[in-house]
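Q: I am sharing input_32.cif, which consists of mmCIF, C-alpha atoms:
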```cif
data_final
loop_
_atom_site.label_atom_id
_atom_site.label_comp_id
_atom_site.auth_asym_id
_atom_site.auth_seq_id
_atom_site.Cartn_x
_atom_site.Cartn_y
_atom_site.Cartn_z
CA MET A 1 27.00 -8.36 -4.80
CA ASN A 2 27.53 -11.83 -3.36
CA ASP A 3 24.73 -14.21 -2.38
CA GLN A 4 24.94 -13.15 1.25
CA SER A 5 23.94 -9.56 0.42
CA HIS A 6 20.64 -10.80 -1.00
CA ALA A 7 19.60 -12.32 2.33
CA THR A 8 18.08 -9.11 3.63
CA VAL A 9 14.60 -7.79 4.27
CA THR A 10 13.54 -4.19 3.78
CA VAL A 11 12.19 -2.63 6.95
CA ARG A 12 9.96 0.42 6.59
CA PHE A 13 8.92 2.86 9.29
CA PHE A 14 5.94 5.19 9.34
CA ALA A 15 4.66 8.26 11.19
CA ARG A 16 6.11 8.82 14.68
CA LEU A 17 8.52 5.88 14.32
CA ARG A 18 9.96 7.24 11.09
CA GLU A 19 10.52 10.64 12.71
CA GLN A 20 12.03 9.24 15.90
CA LEU A 21 14.42 6.97 13.98
CA ASP A 22 15.05 9.66 11.36
CA THR A 23 14.80 7.10 8.53
CA ASP A 24 11.98 5.63 6.45
CA SER A 25 13.66 2.35 5.56
CA VAL A 26 16.65 0.14 6.33
CA ALA A 27 17.89 -3.19 4.96
CA VAL A 28 18.32 -5.82 7.66
CA PRO A 29 20.28 -9.04 7.06
CA ILE A 30 18.52 -12.29 7.99
CA SER A 31 19.58 -15.91 8.12
CA GLU A 32 16.75 -18.39 7.63
CA PRO A 33 14.79 -19.57 9.41
CA ALA A 34 14.05 -16.03 10.55
CA THR A 35 11.07 -14.26 12.10
CA VAL A 36 10.07 -10.66 12.74
CA ALA A 37 11.47 -11.07 16.27
CA ASP A 38 14.98 -11.61 14.80
CA VAL A 39 14.71 -8.34 12.87
CA LEU A 40 13.55 -6.52 16.01
CA LYS A 41 16.56 -7.90 17.89
CA THR A 42 18.99 -6.79 15.16
CA LEU A 43 17.49 -3.30 15.18
CA ALA A 44 17.40 -3.10 18.98
CA ASP A 45 21.15 -3.84 19.02
CA ARG A 46 21.67 -0.44 17.42
CA GLY A 47 20.87 0.93 20.89
CA SER A 48 19.27 4.14 22.14
CA VAL A 49 15.99 5.06 20.40
CA TRP A 50 16.09 1.84 18.30
CA ALA A 51 16.15 -0.34 21.42
CA GLU A 52 13.37 1.73 22.96
CA LEU A 53 11.04 1.47 19.95
CA CYS A 54 11.75 -2.22 19.36
CA ALA A 55 10.72 -2.93 22.98
CA ASP A 56 7.43 -1.02 22.62
CA SER A 57 4.65 -3.61 22.59
CA ARG A 58 2.21 -1.13 20.98
CA VAL A 59 4.23 -1.04 17.74
CA MET A 60 2.24 -2.68 14.93
CA ILE A 61 3.90 -5.05 12.46
CA ALA A 62 3.19 -5.76 8.80
CA VAL A 63 4.93 -8.26 6.51
CA ASN A 64 4.44 -7.81 2.76
CA GLN A 65 1.70 -5.27 3.55
CA ALA A 66 -0.43 -7.59 5.70
CA MET A 67 -0.71 -7.40 9.50
CA ALA A 68 1.80 -9.71 11.17
CA LYS A 69 3.23 -10.74 14.55
CA THR A 70 6.70 -11.10 16.03
CA THR A 71 6.47 -14.84 15.26
CA THR A 72 5.72 -14.31 11.54
CA PRO A 73 8.41 -16.07 9.45
CA LEU A 74 10.49 -14.05 6.99
CA LYS A 75 12.29 -14.85 3.77
CA PRO A 76 14.83 -12.72 1.88
CA ARG A 77 13.41 -9.64 0.15
CA ASP A 78 10.27 -9.55 2.29
CA GLU A 79 8.95 -6.08 3.15
CA VAL A 80 8.58 -5.62 6.89
CA ALA A 81 6.97 -2.49 8.36
CA PHE A 82 6.78 -1.14 11.89
CA PHE A 83 4.37 1.61 12.81
CA PRO A 84 2.39 3.14 15.70
CA PRO A 85 -1.28 2.19 16.31
CA VAL A 86 -3.25 3.57 13.35
CA THR A 87 -5.36 6.73 13.65
CA GLY A 88 -7.20 7.19 10.34
CA GLY A 89 -10.85 7.81 9.68
CA MET B 1 -13.79 0.27 -4.61
CA VAL B 2 -11.14 1.98 -2.49
CA ILE B 3 -9.71 5.38 -3.36
CA ILE B 4 -6.93 7.14 -1.48
CA GLN B 5 -6.56 10.73 -2.62
CA ALA B 6 -5.43 14.18 -1.51
CA ALA B 7 -8.36 15.84 -3.31
CA ASP B 8 -11.77 16.47 -1.76
CA PHE B 9 -14.81 14.43 -2.81
CA ASP B 10 -18.40 15.29 -3.63
CA LEU B 11 -21.06 13.44 -1.66
CA ALA B 12 -23.70 13.78 -4.39
CA GLU B 13 -21.35 12.34 -7.02
CA GLU B 14 -20.35 9.43 -4.80
CA TYR B 15 -23.99 8.69 -3.98
CA GLN B 16 -24.86 8.73 -7.68
CA LYS B 17 -22.01 6.29 -8.46
CA LEU B 18 -23.35 3.93 -5.79
CA ARG B 19 -26.87 4.33 -7.10
CA ASN B 20 -25.72 3.54 -10.65
CA SER B 21 -24.00 0.36 -9.50
CA GLY B 22 -27.49 -1.18 -9.56
CA ASN B 23 -28.00 -4.94 -9.09
CA GLY B 24 -30.88 -5.11 -6.67
CA THR B 25 -30.00 -2.19 -4.42
CA GLY B 26 -32.86 -1.09 -2.19
CA ALA B 27 -30.85 0.90 0.36
CA ILE B 28 -27.73 3.04 0.37
CA ALA B 29 -26.03 4.01 3.63
CA THR B 30 -23.26 6.59 3.52
CA PHE B 31 -20.96 7.95 6.18
CA THR B 32 -18.77 11.05 5.92
CA GLY B 33 -16.09 11.87 8.49
CA LEU B 34 -14.87 15.43 9.01
CA VAL B 35 -11.78 16.93 10.61
CA ARG B 36 -12.96 18.06 14.04
CA ASP B 37 -12.05 21.52 15.25
CA HIS B 38 -10.64 20.20 18.50
CA GLY B 39 -8.43 17.23 19.25
CA ASP B 40 -5.84 16.24 21.82
CA LEU B 41 -4.68 19.85 21.74
CA ASP B 42 -7.10 22.79 21.89
CA ASP B 43 -5.42 25.10 19.36
CA VAL B 44 -5.38 22.71 16.39
CA THR B 45 -5.12 24.48 13.03
CA GLY B 46 -5.27 21.41 10.76
CA LEU B 47 -4.19 17.84 10.17
CA PHE B 48 -1.60 16.01 8.14
CA LEU B 49 -2.47 12.47 7.11
CA GLU B 50 0.18 9.89 6.34
CA HIS B 51 -0.53 6.38 5.01
CA TYR B 52 1.19 3.18 3.90
CA PRO B 53 0.54 3.11 0.13
CA GLY B 54 -0.50 -0.32 -1.08
CA MET B 55 -1.24 -1.79 2.32
CA THR B 56 -3.97 0.77 3.00
CA GLU B 57 -5.89 -0.23 -0.13
CA GLN B 58 -5.42 -3.96 0.59
CA VAL B 59 -6.67 -3.64 4.17
CA ILE B 60 -9.81 -1.69 3.20
CA GLU B 61 -10.56 -4.03 0.26
CA GLY B 62 -10.33 -6.84 2.81
CA LEU B 63 -12.85 -5.09 5.09
CA ILE B 64 -15.29 -4.70 2.18
CA THR B 65 -14.90 -8.41 1.40
CA GLU B 66 -15.49 -9.29 5.07
CA ALA B 67 -18.57 -7.05 5.17
CA GLY B 68 -19.86 -8.90 2.08
CA LYS B 69 -19.59 -12.21 3.92
CA ARG B 70 -21.59 -10.93 6.91
CA TRP B 71 -24.23 -8.78 5.22
CA ASP B 72 -25.88 -8.28 1.86
CA VAL B 73 -23.47 -5.86 0.14
CA ARG B 74 -24.22 -5.07 -3.53
CA ALA B 75 -21.53 -2.40 -3.88
CA ALA B 76 -19.25 -0.39 -1.61
CA ARG B 77 -17.05 2.67 -2.04
CA VAL B 78 -14.48 3.99 0.41
CA ILE B 79 -12.58 7.24 -0.09
CA HIS B 80 -9.92 8.35 2.37
CA ARG B 81 -8.02 11.59 1.99
CA ILE B 82 -4.32 12.04 2.74
CA GLY B 83 -1.98 15.01 3.08
CA SER B 84 -2.88 18.39 4.54
CA LEU B 85 -6.45 18.94 5.72
CA ALA B 86 -8.08 21.95 7.31
CA LEU B 87 -10.59 22.01 10.18
CA GLY B 88 -14.03 20.99 8.98
CA ASP B 89 -12.67 19.27 5.82
CA GLN B 90 -14.13 15.96 4.69
CA ILE B 91 -11.65 13.20 5.47
CA VAL B 92 -13.36 9.87 4.83
CA PHE B 93 -16.36 8.51 2.93
CA VAL B 94 -17.94 5.07 3.22
CA GLY B 95 -20.94 4.15 1.07
CA VAL B 96 -22.68 0.76 0.96
CA CYS B 97 -25.48 -0.53 -1.30
CA SER B 98 -27.64 -3.35 0.02
CA ALA B 99 -31.04 -4.84 -0.68
CA HIS B 100 -32.32 -3.59 2.71
CA ARG B 101 -31.44 -0.84 5.20
CA GLY B 102 -30.34 -3.09 8.09
CA ASP B 103 -27.51 -4.57 6.06
CA ALA B 104 -26.56 -1.20 4.56
CA PHE B 105 -26.30 0.46 8.01
CA ALA B 106 -24.44 -2.44 9.60
CA ALA B 107 -21.94 -2.94 6.77
CA CYS B 108 -21.25 0.80 6.57
CA GLN B 109 -20.60 1.07 10.29
CA PHE B 110 -18.51 -2.11 10.37
CA ILE B 111 -16.26 -0.89 7.53
CA MET B 112 -15.81 2.49 9.22
CA ASP B 113 -15.16 1.06 12.71
CA ALA B 114 -12.69 -1.54 11.41
CA LEU B 115 -10.93 1.02 9.19
CA LYS B 116 -10.19 3.14 12.27
CA THR B 117 -8.19 0.39 13.96
CA SER B 118 -6.74 -1.55 11.02
CA ALA B 119 -6.08 0.69 8.00
CA PRO B 120 -2.56 2.17 8.15
CA PHE B 121 -3.25 5.90 8.34
CA TRP B 122 -1.73 8.26 10.88
CA LYS B 123 -2.94 11.72 11.80
CA LYS B 124 -0.63 14.48 12.85
CA GLU B 125 -2.34 17.44 14.47
CA LEU B 126 -0.88 20.78 13.51
CA SER B 127 -1.27 23.44 16.16
CA ARG B 128 0.14 26.82 17.04
CA SER B 129 2.04 25.20 19.92
CA GLY B 130 3.63 22.53 17.68
CA ASP B 131 2.84 19.35 15.75
CA HIS B 132 1.76 16.17 17.45
CA TRP B 133 0.97 12.60 16.36
CA VAL B 134 -2.53 11.59 17.41
CA GLU B 135 -2.71 8.56 19.74
CA GLN B 136 -5.20 5.76 19.05
CA LYS B 137 -8.25 6.04 21.27
CA ASP B 138 -9.36 3.17 23.51
CA SER B 139 -12.96 3.88 22.45
CA ASP B 140 -12.05 3.21 18.80
CA ARG B 141 -10.45 -0.11 19.74
CA THR B 142 -13.48 -1.11 21.83
CA GLN B 143 -15.89 -0.14 19.05
CA SER B 144 -13.98 -2.23 16.52
CA GLU B 145 -13.71 -5.23 18.87
CA GLN B 146 -17.50 -5.22 19.32
CA TRP B 147 -17.87 -6.47 15.75
CA HIS B 148 -15.68 -9.49 16.44
CA LYS B 149 -17.74 -10.32 19.53
CA ARG B 150 -20.99 -10.06 17.57
CA GLN B 151 -19.66 -12.61 15.09
CA GLU B 152 -18.85 -15.20 17.81
#
```
Please rewrite the model in this file as structure tokens.
A:
Amino acid sequence: MNDQSHATVTVRFFARLREQLDTDSVAVPISEPATVADVLKTLADRGSVWAELCADSRVMIAVNQAMAKTTTPLKPRDEVAFFPPVTGG
Amino acid sequence: MVIIQAADFDLAEEYQKLRNSGNGTGAIATFTGLVRDHGDLDDVTGLFLEHYPGMTEQVIEGLITEAGKRWDVRAARVIHRIGSLALGDQIVFVGVCSAHRGDAFAACQFIMDALKTSAPFWKKELSRSGDHWVEQKDSDRTQSEQWHKRQE
């Protein structure tokens, strides 16, 4: 493990997103200064369903388990999550 | 206090816990949500509830704190169930102790309305014709936004 490999964030997916992407989490490299928008771009570059979901404005964002926006700054080892509008209660 | 569990809960026990929390309580408002027997599909057989462990608890704790800033809240308990649920099952409980009824009713409704649009839970409806993720309802968003307007 070199230093570069530590500059990643963990991205988690829930519910419909997790099923459509067929994964519950991926590590995404970042280079600071980085924001959630950079992570979305990296994921969208994977194409097909990734590009589609990353372009969906209804997708909700959390960083370190608090609601966030595409402009929220990120640092290595942050936990980012993308999920559909919530439907509890 | 926020509890996320697969198990069912007992309304009488929860009420008693609120009652025992004491400190000047003159009113207790409780709300219980059930799994409806019809949803987006008409042959629903049950629900599966997924959540984001950790964040869910933080978000609801935050709503209880916010309620405490806006109303007299002496104690509050929220229970939300996860996993497989059958039609008619209890799914969510919100109980609030206040000095007076107005604050108990308002805080209870606020916590429930805000939970619906901000706590990371997702319902999947299970039906004979296939499973289906429930979409967020505009009416839930509107109901939750009302509370922000009232604060302005």
Q: Neighbouring residues of stretch 43-55 of chain B were defined as those with any atom within 6 Å, considering all atoms listed in the file; residues of the same chain fewer than 3 positions away were excluded. Please report them as a PyMOL selection string.
A: (chain A and resi 65) or (chain B and resi 58+82-87+120-127)
Q: Contacts from chain A to chain B, 8 Å maximum, all atoms listed in the file: show me the residue list as a ChimeraX atom specification.
A: /A:14-16,65-66,85-89
Q: What is the atom CA of A:Ala34-atom CA of B:Ile60 distance in Å, reported with one decimal?
A: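 Calculated distance between atom CA of A:Ala34 and atom CA of B:Ile60 is 28.8 Å.
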Q: Step by step, work through what the PyMOL selection byres ((chain B and resi 1) around 12) selects in the shown file, and finish by giving those residues as a list in words.
A: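 When the PyMOL selection byres ((chain B and resi 1) around 12) is applied to the shown file, the picked residues are Val2, Ile3, Ile4, Glu14, Lys17, Leu18, Ser21, Glu57, Gln58, Val59, Ile60, Glu61, Gly62, Leu63, Ile64, Thr65, Arg74, Ala75, Ala76, Arg77, Val78, Ile79, His80, Phe93, Val94, Gly95 and Val96 of chain B.
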Q: Taking only C-alpha atoms into account, name the residue in B:Thr142, B:Phe110, B:Thr25, B:Asp89 that is nearest to B:Asp8.
A: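 Going through B:Thr142, B:Phe110, B:Thr25, B:Asp89 one by one, the smallest distance to B:Asp8 is for B:Asp89.
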Q: As an exercise, work out the distance from atom CA of A:Val59 to atom CA of B:Gly68 in Å and give it to one decimal place.
A: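 Atom CA of B:Gly68 lies 29.8 Å from atom CA of A:Val59.
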Q: Could you expand the PyMOL selection byres ((chain A and resi 33) around 12) into the explicit residues it covers here, written as a PDB file with C-alpha atoms, in the coordinates of the input?
A:
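The new file out_19.pdb reads:
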```
ATOM      1  CA  ALA A   7      19.600 -12.320   2.330  1.00  0.00           C
ATOM      2  CA  ILE A  30      18.520 -12.290   7.990  1.00  0.00           C
ATOM      3  CA  SER A  31      19.580 -15.910   8.120  1.00  0.00           C
ATOM      4  CA  GLU A  32      16.750 -18.390   7.630  1.00  0.00           C
ATOM      5  CA  ALA A  34      14.050 -16.030  10.550  1.00  0.00           C
ATOM      6  CA  THR A  35      11.070 -14.260  12.100  1.00  0.00           C
ATOM      7  CA  VAL A  36      10.070 -10.660  12.740  1.00  0.00           C
ATOM      8  CA  ALA A  37      11.470 -11.070  16.270  1.00  0.00           C
ATOM      9  CA  ASP A  38      14.980 -11.610  14.800  1.00  0.00           C
ATOM     10  CA  VAL A  39      14.710  -8.340  12.870  1.00  0.00           C
ATOM     11  CA  THR A  71       6.470 -14.840  15.260  1.00  0.00           C
ATOM     12  CA  THR A  72       5.720 -14.310  11.540  1.00  0.00           C
ATOM     13  CA  PRO A  73       8.410 -16.070   9.450  1.00  0.00           C
ATOM     14  CA  LEU A  74      10.490 -14.050   6.990  1.00  0.00           C
ATOM     15  CA  LYS A  75      12.290 -14.850   3.770  1.00  0.00           C
ATOM     16  CA  PRO A  76      14.830 -12.720   1.880  1.00  0.00           C
TER      17      PRO A  76
END
```
Q: Find the spatial neighbours of A:Arg18, counting only C-alpha atoms, within a cut-off of 12 Å - ignore same-chain residues fewer than 4 positions away - and output them as a compact mmCIF listing (two decimals) with C-alpha atoms, in the coordinates of the input.
A:
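The result, written out as around.txt:
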```txt
# COMPACT_ATOMS: atom_id res chain seq x y z
CA VAL A 11 12.19 -2.63 6.95
CA ARG A 12 9.96 0.42 6.59
CA PHE A 13 8.92 2.86 9.29
CA PHE A 14 5.94 5.19 9.34
CA ASP A 22 15.05 9.66 11.36
CA THR A 23 14.80 7.10 8.53
CA ASP A 24 11.98 5.63 6.45
CA SER A 25 13.66 2.35 5.56
CA VAL A 26 16.65 0.14 6.33
CA VAL A 49 15.99 5.06 20.40
CA TRP A 50 16.09 1.84 18.30
CA LEU A 53 11.04 1.47 19.95
CA ALA A 81 6.97 -2.49 8.36
CA PHE A 82 6.78 -1.14 11.89
CA PHE A 83 4.37 1.61 12.81
CA PRO A 84 2.39 3.14 15.70
CA GLU B 50 0.18 9.89 6.34
CA TRP B 122 -1.73 8.26 10.88
CA TRP B 133 0.97 12.60 16.36
```
Q: Quick one, how far is atom CA of B:Phe31 from atom CA of B:Gln5?
A: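 Value for the atom CA of B:Phe31-atom CA of B:Gln5 distance: 17.1 Å.
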Q: Select, from B:Arg101, B:Gln90, B:Ala106, B:Asp42, the residue with the minimum atom-to-atom distance to B:Ala27, counting only C-alpha atoms.
A: B:Arg101
Q: For stretch 39-58 of chain A, supply N, CA, C and O atoms and format the output as a PDB file, in the frame of the given file.
A:
```pdb
ATOM      1  N   VAL A  39      14.476  -9.681  13.422  1.00  0.00           N
ATOM      2  CA  VAL A  39      14.710  -8.340  12.870  1.00  0.00           C
ATOM      3  C   VAL A  39      14.654  -7.293  13.980  1.00  0.00           C
ATOM      4  O   VAL A  39      15.485  -6.390  14.046  1.00  0.00           O
ATOM      5  N   LEU A  40      13.665  -7.456  14.876  1.00  0.00           N
ATOM      6  CA  LEU A  40      13.550  -6.520  16.010  1.00  0.00           C
ATOM      7  C   LEU A  40      14.809  -6.566  16.865  1.00  0.00           C
ATOM      8  O   LEU A  40      15.301  -5.538  17.331  1.00  0.00           O
ATOM      9  N   LYS A  41      15.360  -7.763  17.058  1.00  0.00           N
ATOM     10  CA  LYS A  41      16.560  -7.900  17.890  1.00  0.00           C
ATOM     11  C   LYS A  41      17.740  -7.207  17.206  1.00  0.00           C
ATOM     12  O   LYS A  41      18.478  -6.464  17.852  1.00  0.00           O
ATOM     13  N   THR A  42      17.898  -7.430  15.900  1.00  0.00           N
ATOM     14  CA  THR A  42      18.990  -6.790  15.160  1.00  0.00           C
ATOM     15  C   THR A  42      18.904  -5.270  15.255  1.00  0.00           C
ATOM     16  O   THR A  42      19.895  -4.592  15.469  1.00  0.00           O
ATOM     17  N   LEU A  43      17.671  -4.756  15.107  1.00  0.00           N
ATOM     18  CA  LEU A  43      17.490  -3.300  15.180  1.00  0.00           C
ATOM     19  C   LEU A  43      17.709  -2.768  16.589  1.00  0.00           C
ATOM     20  O   LEU A  43      18.321  -1.715  16.773  1.00  0.00           O
ATOM     21  N   ALA A  44      17.249  -3.530  17.590  1.00  0.00           N
ATOM     22  CA  ALA A  44      17.400  -3.100  18.980  1.00  0.00           C
ATOM     23  C   ALA A  44      18.873  -3.002  19.355  1.00  0.00           C
ATOM     24  O   ALA A  44      19.268  -2.162  20.173  1.00  0.00           O
ATOM     25  N   ASP A  45      19.717  -3.858  18.737  1.00  0.00           N
ATOM     26  CA  ASP A  45      21.150  -3.840  19.020  1.00  0.00           C
ATOM     27  C   ASP A  45      21.819  -2.539  18.593  1.00  0.00           C
ATOM     28  O   ASP A  45      22.950  -2.264  18.984  1.00  0.00           O
ATOM     29  N   ARG A  46      21.117  -1.743  17.777  1.00  0.00           N
ATOM     30  CA  ARG A  46      21.670  -0.440  17.420  1.00  0.00           C
ATOM     31  C   ARG A  46      21.622   0.528  18.608  1.00  0.00           C
ATOM     32  O   ARG A  46      22.204   1.609  18.547  1.00  0.00           O
ATOM     33  N   GLY A  47      20.904   0.137  19.658  1.00  0.00           N
ATOM     34  CA  GLY A  47      20.870   0.930  20.890  1.00  0.00           C
ATOM     35  C   GLY A  47      19.950   2.127  20.853  1.00  0.00           C
ATOM     36  O   GLY A  47      19.188   2.304  19.906  1.00  0.00           O
ATOM     37  N   SER A  48      20.041   2.911  21.893  1.00  0.00           N
ATOM     38  CA  SER A  48      19.270   4.140  22.140  1.00  0.00           C
ATOM     39  C   SER A  48      17.817   4.053  21.681  1.00  0.00           C
ATOM     40  O   SER A  48      17.063   3.180  22.097  1.00  0.00           O
ATOM     41  N   VAL A  49      17.401   4.970  20.794  1.00  0.00           N
ATOM     42  CA  VAL A  49      15.990   5.060  20.400  1.00  0.00           C
ATOM     43  C   VAL A  49      15.533   3.788  19.675  1.00  0.00           C
ATOM     44  O   VAL A  49      14.370   3.396  19.759  1.00  0.00           O
ATOM     45  N   TRP A  50      16.439   3.087  19.000  1.00  0.00           N
ATOM     46  CA  TRP A  50      16.090   1.840  18.300  1.00  0.00           C
ATOM     47  C   TRP A  50      15.657   0.788  19.322  1.00  0.00           C
ATOM     48  O   TRP A  50      14.641   0.114  19.135  1.00  0.00           O
ATOM     49  N   ALA A  51      16.441   0.659  20.390  1.00  0.00           N
ATOM     50  CA  ALA A  51      16.150  -0.340  21.420  1.00  0.00           C
ATOM     51  C   ALA A  51      14.809  -0.025  22.087  1.00  0.00           C
ATOM     52  O   ALA A  51      13.985  -0.908  22.329  1.00  0.00           O
ATOM     53  N   GLU A  52      14.590   1.274  22.309  1.00  0.00           N
ATOM     54  CA  GLU A  52      13.370   1.730  22.960  1.00  0.00           C
ATOM     55  C   GLU A  52      12.122   1.395  22.124  1.00  0.00           C
ATOM     56  O   GLU A  52      11.152   0.837  22.622  1.00  0.00           O
ATOM     57  N   LEU A  53      12.196   1.714  20.821  1.00  0.00           N
ATOM     58  CA  LEU A  53      11.040   1.470  19.950  1.00  0.00           C
ATOM     59  C   LEU A  53      10.806  -0.022  19.703  1.00  0.00           C
ATOM     60  O   LEU A  53       9.665  -0.472  19.602  1.00  0.00           O
ATOM     61  N   CYS A  54      11.894  -0.782  19.617  1.00  0.00           N
ATOM     62  CA  CYS A  54      11.750  -2.220  19.360  1.00  0.00           C
ATOM     63  C   CYS A  54      11.145  -2.931  20.574  1.00  0.00           C
ATOM     64  O   CYS A  54      10.592  -4.023  20.453  1.00  0.00           O
ATOM     65  N   ALA A  55      11.271  -2.315  21.765  1.00  0.00           N
ATOM     66  CA  ALA A  55      10.720  -2.930  22.980  1.00  0.00           C
ATOM     67  C   ALA A  55       9.279  -2.487  23.226  1.00  0.00           C
ATOM     68  O   ALA A  55       8.621  -2.981  24.133  1.00  0.00           O
ATOM     69  N   ASP A  56       8.779  -1.563  22.413  1.00  0.00           N
ATOM     70  CA  ASP A  56       7.430  -1.020  22.620  1.00  0.00           C
ATOM     71  C   ASP A  56       6.381  -1.990  22.077  1.00  0.00           C
ATOM     72  O   ASP A  56       6.277  -2.206  20.881  1.00  0.00           O
ATOM     73  N   SER A  57       5.606  -2.564  22.987  1.00  0.00           N
ATOM     74  CA  SER A  57       4.650  -3.610  22.590  1.00  0.00           C
ATOM     75  C   SER A  57       3.477  -3.047  21.775  1.00  0.00           C
ATOM     76  O   SER A  57       2.727  -3.795  21.161  1.00  0.00           O
ATOM     77  N   ARG A  58       3.311  -1.715  21.756  1.00  0.00           N
ATOM     78  CA  ARG A  58       2.210  -1.130  20.980  1.00  0.00           C
ATOM     79  C   ARG A  58       2.538  -1.025  19.491  1.00  0.00           C
ATOM     80  O   ARG A  58       1.661  -0.797  18.669  1.00  0.00           O
TER      81      ARG A  58
END
```
